[in-house]
$ cat query.tsv   # TSV, C-alpha atoms
chain	number	residue	atom	x	y	z
A	82	MET	CA	74.74	48.90	32.31
A	83	SER	CA	73.67	48.44	35.91
A	84	ALA	CA	72.57	45.15	37.45
A	85	SER	CA	69.23	46.59	38.50
A	86	TRP	CA	68.37	47.49	34.89
A	87	LEU	CA	69.20	43.96	33.68
A	88	HIS	CA	67.11	42.51	36.46
A	89	ARG	CA	64.10	44.61	35.43
A	90	GLN	CA	64.49	43.58	31.78
A	91	TRP	CA	64.73	39.92	32.71
A	92	GLY	CA	61.60	40.20	34.86
A	93	LEU	CA	59.69	41.86	32.01
A	94	LEU	CA	60.70	39.07	29.60
A	95	VAL	CA	59.55	36.40	32.05
A	96	LEU	CA	56.22	38.22	32.48
A	97	LEU	CA	55.67	38.34	28.72
A	98	LEU	CA	56.45	34.64	28.45
A	99	LEU	CA	53.95	33.84	31.23
A	100	LEU	CA	51.24	35.90	29.51
A	101	ALA	CA	51.87	34.11	26.22
A	102	LEU	CA	51.69	30.74	27.97
A	103	LEU	CA	48.41	31.61	29.68
A	104	GLU	CA	46.90	32.78	26.39
A	105	GLY	CA	47.91	29.52	24.74
A	106	LEU	CA	46.39	27.48	27.55
A	107	HIS	CA	43.14	29.47	27.32
A	108	SER	CA	42.89	28.93	23.56
A	109	ALA	CA	43.59	25.21	23.93
A	110	GLY	CA	40.97	24.92	26.66
A	111	ALA	CA	38.33	26.69	24.57
A	112	GLU	CA	39.08	24.42	21.61
A	113	ALA	CA	38.91	21.35	23.83
A	114	GLU	CA	35.60	22.55	25.28
A	115	SER	CA	34.22	23.09	21.77
A	116	THR	CA	35.38	19.64	20.66
A	117	GLU	CA	34.00	18.05	23.79
A	118	GLY	CA	30.61	19.68	23.19
A	119	TRP	CA	30.56	18.37	19.63
A	120	TRP	CA	31.11	14.79	20.71
A	121	LEU	CA	28.87	14.90	23.75
A	122	GLY	CA	25.98	16.69	21.98
A	123	ARG	CA	23.23	14.60	20.31
A	124	PRO	CA	23.92	14.40	16.57
A	125	ARG	CA	21.10	15.42	14.26
A	126	PRO	CA	19.85	12.97	11.63
A	127	TYR	CA	19.89	13.97	7.98
A	128	PHE	CA	18.77	12.50	4.65
A	129	ALA	CA	21.20	11.21	2.06
A	130	ASP	CA	20.71	12.27	-1.54
A	131	SER	CA	18.54	9.77	-3.43
A	132	PRO	CA	16.02	9.90	-6.30
A	133	THR	CA	12.63	11.37	-5.42
A	134	ASN	CA	10.57	10.67	-8.59
A	135	PHE	CA	9.57	7.18	-9.72
A	136	THR	CA	7.35	5.92	-12.55
A	137	ILE	CA	6.25	2.29	-12.83
A	138	ILE	CA	3.55	0.24	-14.58
A	139	SER	CA	0.55	-1.00	-12.61
A	140	GLY	CA	1.11	-4.46	-11.18
A	141	GLN	CA	4.79	-3.87	-10.59
A	142	THR	CA	6.34	-3.40	-7.14
A	143	ALA	CA	7.40	0.13	-6.22
A	144	TYR	CA	10.44	0.79	-4.01
A	145	LEU	CA	10.58	4.31	-2.53
A	146	PRO	CA	13.99	4.98	-0.93
A	147	CYS	CA	14.71	6.93	2.23
A	148	ARG	CA	18.26	6.85	3.60
A	149	VAL	CA	18.73	8.48	7.03
A	150	HIS	CA	22.18	9.01	8.55
A	151	MET	CA	22.77	9.57	12.30
A	152	LEU	CA	19.28	8.24	13.12
A	153	GLY	CA	20.16	7.06	16.63
A	154	ASP	CA	17.13	6.03	18.68
A	155	ARG	CA	14.67	8.00	16.57
A	156	SER	CA	12.13	6.38	14.27
A	157	VAL	CA	11.30	6.69	10.57
A	158	THR	CA	7.65	7.11	9.57
A	159	TRP	CA	6.20	6.73	6.07
A	160	MET	CA	2.96	8.63	5.34
A	161	ARG	CA	0.75	8.95	2.26
A	162	GLY	CA	0.67	12.57	1.23
A	163	ARG	CA	-2.91	12.90	-0.01
A	164	ASP	CA	-4.51	12.05	3.33
A	165	LEU	CA	-1.49	11.92	5.70
A	166	HIS	CA	-2.39	8.30	6.48
A	167	ILE	CA	0.43	6.63	8.44
A	168	LEU	CA	1.65	3.57	6.54
A	169	THR	CA	4.63	2.45	8.64
A	170	VAL	CA	6.46	3.48	11.81
A	171	GLY	CA	9.85	1.85	12.14
A	172	LEU	CA	9.39	-1.74	11.04
A	173	VAL	CA	5.70	-1.86	11.98
A	174	THR	CA	3.00	-1.50	9.30
A	175	TYR	CA	-0.02	0.55	10.42
A	176	SER	CA	-2.03	0.23	7.20
A	177	ALA	CA	-4.68	-2.46	6.72
A	178	ASP	CA	-3.42	-2.71	3.15
A	179	GLU	CA	-0.81	-5.47	3.29
A	180	ARG	CA	0.77	-4.26	0.04
A	181	PHE	CA	2.66	-1.61	2.06
A	182	GLN	CA	5.80	-2.67	3.94
A	183	VAL	CA	9.08	-1.03	4.97
A	184	LEU	CA	12.35	-2.75	4.10
A	185	HIS	CA	15.28	-2.22	6.50
A	186	THR	CA	18.29	-4.16	7.72
A	187	PRO	CA	20.30	-3.10	10.82
A	188	GLU	CA	23.57	-2.76	8.91
A	189	THR	CA	22.18	-0.06	6.59
A	190	ASP	CA	20.61	3.39	6.92
A	191	ASP	CA	17.93	2.60	4.33
A	192	TRP	CA	14.20	2.65	5.14
A	193	THR	CA	12.62	1.72	1.81
A	194	LEU	CA	8.84	1.74	1.40
A	195	GLN	CA	7.68	-1.24	-0.68
A	196	VAL	CA	4.33	-1.05	-2.51
A	197	GLN	CA	3.38	-4.41	-4.00
A	198	TYR	CA	0.88	-4.93	-6.82
A	199	SER	CA	0.83	-1.21	-7.53
A	200	GLN	CA	-2.31	0.45	-8.86
A	201	PRO	CA	-2.88	3.81	-10.58
A	202	ARG	CA	-4.56	5.15	-7.43
A	203	ASP	CA	-1.25	4.63	-5.57
A	204	SER	CA	0.18	7.56	-7.52
A	205	GLY	CA	1.05	10.64	-5.49
A	206	ASN	CA	3.32	12.02	-2.81
A	207	TYR	CA	4.77	9.91	0.00
A	208	LYS	CA	6.52	11.41	3.01
A	209	CYS	CA	9.50	9.91	4.84
A	210	GLN	CA	9.61	11.62	8.26
A	211	VAL	CA	12.03	11.41	11.19
A	212	ASN	CA	10.77	12.36	14.67
A	213	SER	CA	13.78	14.54	15.47
A	214	ASP	CA	13.57	18.06	16.95
A	215	PRO	CA	12.78	19.70	14.66
A	216	LYS	CA	11.19	17.00	12.49
A	217	ILE	CA	12.69	16.42	9.05
A	218	VAL	CA	10.64	15.27	6.06
A	219	ARG	CA	11.60	14.00	2.61
A	220	ASN	CA	8.99	13.87	-0.17
A	221	VAL	CA	9.04	11.04	-2.72
A	222	PHE	CA	6.71	11.07	-5.73
A	223	LEU	CA	5.29	7.92	-7.33
A	224	THR	CA	3.51	7.69	-10.68
A	225	VAL	CA	1.77	4.40	-11.55
A	226	THR	CA	0.83	4.15	-15.23
A	227	ASP	CA	-2.23	2.01	-15.96
A	228	LYS	CA	-1.09	-1.01	-17.95
A	229	ARG	CA	-4.41	-1.06	-19.81
A	230	TYR	CA	-3.54	2.17	-21.54
A	231	LEU	CA	-0.20	0.79	-22.63
A	232	ASP	CA	-1.56	-2.47	-23.99
A	233	GLY	CA	-4.74	-1.09	-25.54
A	234	GLN	CA	-6.73	-3.72	-23.64
A	235	LEU	CA	-7.46	-4.68	-20.03
A	236	TYR	CA	-4.39	-6.87	-19.77
A	237	ARG	CA	-2.27	-8.47	-22.44
A	238	MET	CA	-2.99	-12.13	-23.03
A	239	PRO	CA	0.02	-14.28	-22.20
A	240	ALA	CA	1.96	-16.26	-24.74
A	241	THR	CA	0.81	-19.85	-25.12
A	242	SER	CA	4.22	-21.32	-25.85
A	243	SER	CA	5.53	-24.07	-23.60
A	244	GLU	CA	8.25	-21.73	-22.35
A	245	GLU	CA	5.81	-19.10	-21.06
A	246	GLY	CA	3.18	-21.53	-19.85
A	247	GLU	CA	-0.59	-21.35	-20.28
A	248	TYR	CA	-3.25	-19.67	-18.14
A	249	GLY	CA	-6.98	-20.05	-17.63
A	250	THR	CA	-9.35	-17.93	-15.53
A	251	HIS	CA	-12.93	-18.51	-14.39
A	252	ILE	CA	-15.27	-17.31	-11.64
A	253	VAL	CA	-16.95	-20.10	-9.70
A	254	GLY	CA	-20.75	-20.20	-9.90
A	255	GLY	CA	-21.61	-18.92	-13.34
A	256	GLY	CA	-21.88	-15.49	-14.93
A	257	ALA	CA	-24.64	-13.82	-12.84
A	258	ARG	CA	-25.48	-13.20	-9.19
A	259	PHE	CA	-28.82	-12.01	-7.75
A	260	LEU	CA	-28.68	-10.72	-4.19
A	261	GLN	CA	-30.95	-9.11	-1.65
A	262	ALA	CA	-29.78	-5.73	-0.32
A	263	GLY	CA	-28.00	-6.11	3.01
A	264	SER	CA	-26.59	-9.55	2.28
A	265	SER	CA	-22.95	-10.37	1.47
A	266	LEU	CA	-21.43	-10.90	-1.95
A	267	SER	CA	-18.77	-13.60	-2.23
A	268	LEU	CA	-16.90	-14.17	-5.49
A	269	GLU	CA	-14.20	-16.76	-6.09
A	270	CYS	CA	-11.83	-16.46	-9.04
A	271	VAL	CA	-9.68	-19.46	-9.98
A	272	VAL	CA	-6.58	-19.02	-12.16
A	273	THR	CA	-4.89	-22.13	-13.46
A	274	HIS	CA	-1.33	-21.99	-14.73
A	275	THR	CA	1.15	-24.49	-16.06
A	276	ARG	CA	4.20	-22.60	-14.81
A	277	ALA	CA	4.53	-19.53	-12.57
A	278	PRO	CA	1.38	-18.12	-10.89
A	279	PRO	CA	0.27	-14.56	-11.73
A	280	THR	CA	2.13	-11.92	-9.70
A	281	ALA	CA	-1.18	-10.35	-8.63
A	282	VAL	CA	-4.94	-10.80	-8.99
A	283	LEU	CA	-7.01	-7.60	-9.03
A	284	TRP	CA	-10.77	-7.08	-8.85
A	285	TYR	CA	-12.72	-4.38	-10.71
A	286	HIS	CA	-16.28	-3.18	-10.14
A	287	ASP	CA	-17.10	-1.80	-13.57
A	288	HIS	CA	-14.06	0.49	-14.08
A	289	SER	CA	-13.04	0.93	-10.41
A	290	VAL	CA	-10.40	-1.13	-8.64
A	291	LEU	CA	-11.56	-2.81	-5.43
A	292	ASP	CA	-9.06	-2.86	-2.56
A	293	TYR	CA	-8.76	-2.22	1.17
A	294	ASP	CA	-8.70	1.56	0.65
A	295	SER	CA	-11.76	1.74	-1.61
A	296	PRO	CA	-14.25	4.41	-0.49
A	297	ARG	CA	-16.99	1.79	-0.21
A	298	GLY	CA	-15.39	-0.02	2.72
A	299	GLY	CA	-16.41	-3.50	3.89
A	300	ILE	CA	-14.13	-5.22	1.36
A	301	SER	CA	-12.14	-8.36	2.08
A	302	LEU	CA	-9.59	-9.89	-0.32
A	303	GLN	CA	-7.88	-13.24	0.05
A	304	VAL	CA	-5.39	-15.00	-2.23
A	305	GLU	CA	-4.44	-18.64	-1.98
A	306	LYS	CA	-1.75	-20.28	-4.11
A	307	SER	CA	-1.40	-24.04	-4.38
A	308	GLY	CA	0.33	-26.02	-7.09
A	309	GLU	CA	-0.88	-24.94	-10.52
A	310	GLN	CA	-3.85	-22.96	-9.20
A	311	THR	CA	-4.27	-19.50	-7.68
A	312	THR	CA	-7.58	-18.62	-6.02
A	313	SER	CA	-8.66	-15.06	-5.24
A	314	ARG	CA	-11.73	-14.45	-3.08
A	315	LEU	CA	-13.63	-11.16	-2.95
A	316	LEU	CA	-16.13	-10.51	-0.14
A	317	LEU	CA	-18.40	-7.45	0.04
A	318	SER	CA	-20.50	-7.00	3.16
A	319	ALA	CA	-23.94	-5.35	3.32
A	320	VAL	CA	-24.40	-4.89	-0.42
A	321	LYS	CA	-26.63	-2.13	-1.80
A	322	GLU	CA	-28.19	-1.48	-5.18
A	323	SER	CA	-25.19	0.70	-6.02
A	324	ASP	CA	-23.05	-2.46	-5.78
A	325	SER	CA	-24.81	-3.87	-8.84
A	326	GLY	CA	-22.73	-4.07	-11.99
A	327	ASN	CA	-19.97	-6.01	-13.65
A	328	TYR	CA	-17.23	-7.56	-11.50
A	329	THR	CA	-14.02	-8.57	-13.26
A	330	CYS	CA	-11.23	-10.77	-11.95
A	331	VAL	CA	-7.94	-9.52	-13.44
A	332	PRO	CA	-4.84	-11.70	-13.02
A	333	VAL	CA	-1.70	-9.90	-14.20
A	334	ASN	CA	-0.71	-11.13	-17.66
A	335	ALA	CA	-3.52	-13.69	-17.76
A	336	PRO	CA	-7.07	-13.87	-19.19
A	337	THR	CA	-9.83	-12.12	-17.27
A	338	ALA	CA	-13.22	-13.38	-16.10
A	339	SER	CA	-16.38	-11.41	-15.30
A	340	VAL	CA	-19.67	-11.86	-13.50
A	341	SER	CA	-22.79	-9.70	-13.49
A	342	VAL	CA	-24.16	-8.81	-10.05
A	343	HIS	CA	-27.74	-7.61	-9.43
A	344	VAL	CA	-28.74	-6.30	-5.99
A	345	ASN	CA	-32.48	-5.93	-5.35
A	346	ASN	CA	-34.41	-4.63	-2.35
A	347	ASP	CA	-37.19	-7.16	-3.03
A	348	GLU	CA	-36.17	-10.28	-1.10
A	349	LEU	CA	-38.62	-12.55	-2.93
A	350	ARG	CA	-37.51	-11.44	-6.37
A	351	ALA	CA	-33.86	-11.82	-5.43
A	352	ALA	CA	-34.44	-15.34	-4.12
A	353	VAL	CA	-36.43	-16.37	-7.19
A	354	TYR	CA	-33.79	-15.04	-9.58
A	355	GLN	CA	-30.99	-16.60	-7.58
A	356	GLY	CA	-32.74	-19.95	-7.90
A	357	GLY	CA	-32.90	-19.54	-11.67
A	358	ILE	CA	-36.70	-19.01	-11.82
A	359	SER	CA	-38.28	-16.04	-13.55
A	360	LEU	CA	-41.82	-15.17	-12.50
A	361	ALA	CA	-42.28	-13.24	-15.72
A	362	ALA	CA	-41.45	-16.35	-17.72
A	363	LEU	CA	-43.84	-18.53	-15.70
A	364	CYS	CA	-46.66	-16.03	-16.13
A	365	HIS	CA	-46.14	-15.75	-19.89
A	366	PRO	CA	-49.35	-16.58	-21.81
A	367	GLY	CA	-47.51	-19.30	-23.65
A	368	VAL	CA	-47.31	-21.32	-20.45
A	369	GLY	CA	-51.07	-21.64	-20.28
A	370	GLY	CA	-53.75	-20.52	-17.80
A	371	SER	CA	-53.31	-23.62	-15.68
A	372	ALA	CA	-49.79	-22.49	-14.74
A	373	LEU	CA	-50.97	-19.41	-12.79
A	374	PRO	CA	-52.02	-21.30	-9.63
A	375	ILE	CA	-48.67	-23.07	-9.63
A	376	VAL	CA	-46.87	-19.73	-9.90
A	377	VAL	CA	-48.83	-18.30	-6.97
A	378	ALA	CA	-48.19	-21.41	-4.88
A	379	VAL	CA	-44.45	-21.30	-5.60
A	380	ALA	CA	-44.32	-17.61	-4.69
A	381	VAL	CA	-46.15	-18.18	-1.41
A	382	ILE	CA	-43.91	-21.12	-0.46
A	383	LEU	CA	-40.73	-19.22	-1.29
A	384	ARG	CA	-41.86	-16.16	0.64
A	385	GLY	CA	-42.72	-18.25	3.72
A	386	TRP	CA	-39.35	-20.01	3.47
A	387	LEU	CA	-37.50	-16.69	3.32
A	388	MET	CA	-39.46	-15.21	6.21
A	389	ASP	CA	-38.51	-18.26	8.34
A	390	LEU	CA	-34.85	-17.76	7.46
A	391	LEU	CA	-34.93	-14.07	8.26
A	392	SER	CA	-36.83	-14.42	11.54
$ encode --input "query.tsv" --output "structure tokens"
Amino acid sequence: MSASWLHRQWGLLVLLLLLALLEGLHSAGAEAESTEGWWLGRPRPYFADSPTNFTIISGQTAYLPCRVHMLGDRSVTWMRGRDLHILTVGLVTYSADERFQVLHTPETDDWTLQVQYSQPRDSGNYKCQVNSDPKIVRNVFLTVTDKRYLDGQLYRMPATSSEEGEYGTHIVGGGARFLQAGSSLSLECVVTHTRAPPTAVLWYHDHSVLDYDSPRGGISLQVEKSGEQTTSRLLLSAVKESDSGNYTCVPVNAPTASVSVHVNNDELRAAVYQGGISLAALCHPGVGGSALPIVVAVAVILRGWLMDLLS
């Protein structure tokens, strides 16, 4: 075996070893590049598995979960499905209805939509959306069962034992209101309680719930709690004849109180009725013929007084 042959074999072996080493370095570099791209690339957010269907009873608070991992600097938006109305963006509430609020703490990935004092009209689809590219959306469905259907009455009367406490409800100003069209209706409902106040006070116009999202618009609701008394104030601006009807103050798990509202386009008749005077009664034959001049005089004085106020 010649030395030249051994030298050629040794050179071939070294060449094969160098090729194997280069291949290994190339594979390691590609893997490192792939790993580096994974860590340097922007991670995409994704939703964690959580329930998507909830059923509660009206008056209760609804909690709609939305857990987002790898959110980064993106924001979470809650929208109402039926009209795509934006309720919250991040921690900011964009709805005039203060019952809607998002619950989030920095140490968690949860962005829970809270709906207080739930109503049957809150039922429907709610969308939790992340402004990633592309956007991701999670649908959550809420069903609010009307408590009246469960109880067989508007609301169940509370127990009167000393443990549960006692409640009383009344609307300030009597059981009837007479208004001129275009004026404002203000109703004040006072709920007294010996223990805990009612969790919510709702207002109904006939069979429809009045709230910030009511189609009518121009509705203001205020609740004030102090000691053993809760006061709810309802204000309707620019009333029309269609606003006439029965208005009911409904504290949760407490007695209700109602008032009858009459809206009239005749300013004189509205003022006379509001003052507790009925022209029909004064003009009744039983009053006597001598009462007619008095009736006319009263009507003229009232009309002049109203015209001065309106001018």
$ atom_distance --input "query.tsv" --atom1 "CA of Ile167 (chain A)" --atom2 "CA of His185 (chain A)"
17.4 Å
$ atom_distance --input "query.tsv" --atom1 "CA of Arg161 (chain A)" --atom2 "CA of Ser139 (chain A)"
17.9 Å
$ closest_residue --input "query.tsv" --among "A:Ser289, A:Asn345, A:Asn206, A:Ser313" --to "Asn327 (chain A)" --atoms "all atoms listed in the file"
A:Ser289
$ residues_around --input "query.tsv" --residues "Ser307 (chain A)" --least-positions-apart "2" --cutoff "12 Å" --atoms "all atoms listed in the file" --output "number ranges by chain"
A: 271-278, 304-305, 309-313
$ residues_around --input "query.tsv" --residues "region 192-204 of chain A" --least-positions-apart "5" --cutoff "8 Å" --atoms "only C-alpha atoms" --output "PDB file with C-alpha atoms, keeping the file's coordinate frame"
ATOM      1  CA  ILE A 138       3.550   0.240 -14.580  1.00  0.00           C
ATOM      2  CA  SER A 139       0.550  -1.000 -12.610  1.00  0.00           C
ATOM      3  CA  GLY A 140       1.110  -4.460 -11.180  1.00  0.00           C
ATOM      4  CA  GLN A 141       4.790  -3.870 -10.590  1.00  0.00           C
ATOM      5  CA  THR A 142       6.340  -3.400  -7.140  1.00  0.00           C
ATOM      6  CA  ALA A 143       7.400   0.130  -6.220  1.00  0.00           C
ATOM      7  CA  TYR A 144      10.440   0.790  -4.010  1.00  0.00           C
ATOM      8  CA  LEU A 145      10.580   4.310  -2.530  1.00  0.00           C
ATOM      9  CA  PRO A 146      13.990   4.980  -0.930  1.00  0.00           C
ATOM     10  CA  CYS A 147      14.710   6.930   2.230  1.00  0.00           C
ATOM     11  CA  ARG A 148      18.260   6.850   3.600  1.00  0.00           C
ATOM     12  CA  VAL A 149      18.730   8.480   7.030  1.00  0.00           C
ATOM     13  CA  VAL A 157      11.300   6.690  10.570  1.00  0.00           C
ATOM     14  CA  TRP A 159       6.200   6.730   6.070  1.00  0.00           C
ATOM     15  CA  ARG A 180       0.770  -4.260   0.040  1.00  0.00           C
ATOM     16  CA  PHE A 181       2.660  -1.610   2.060  1.00  0.00           C
ATOM     17  CA  GLN A 182       5.800  -2.670   3.940  1.00  0.00           C
ATOM     18  CA  VAL A 183       9.080  -1.030   4.970  1.00  0.00           C
ATOM     19  CA  LEU A 184      12.350  -2.750   4.100  1.00  0.00           C
ATOM     20  CA  HIS A 185      15.280  -2.220   6.500  1.00  0.00           C
ATOM     21  CA  PHE A 222       6.710  11.070  -5.730  1.00  0.00           C
ATOM     22  CA  LEU A 223       5.290   7.920  -7.330  1.00  0.00           C
ATOM     23  CA  THR A 224       3.510   7.690 -10.680  1.00  0.00           C
ATOM     24  CA  VAL A 225       1.770   4.400 -11.550  1.00  0.00           C
ATOM     25  CA  THR A 226       0.830   4.150 -15.230  1.00  0.00           C
ATOM     26  CA  ASP A 227      -2.230   2.010 -15.960  1.00  0.00           C
ATOM     27  CA  THR A 280       2.130 -11.920  -9.700  1.00  0.00           C
ATOM     28  CA  ALA A 281      -1.180 -10.350  -8.630  1.00  0.00           C
TER      29      ALA A 281
END
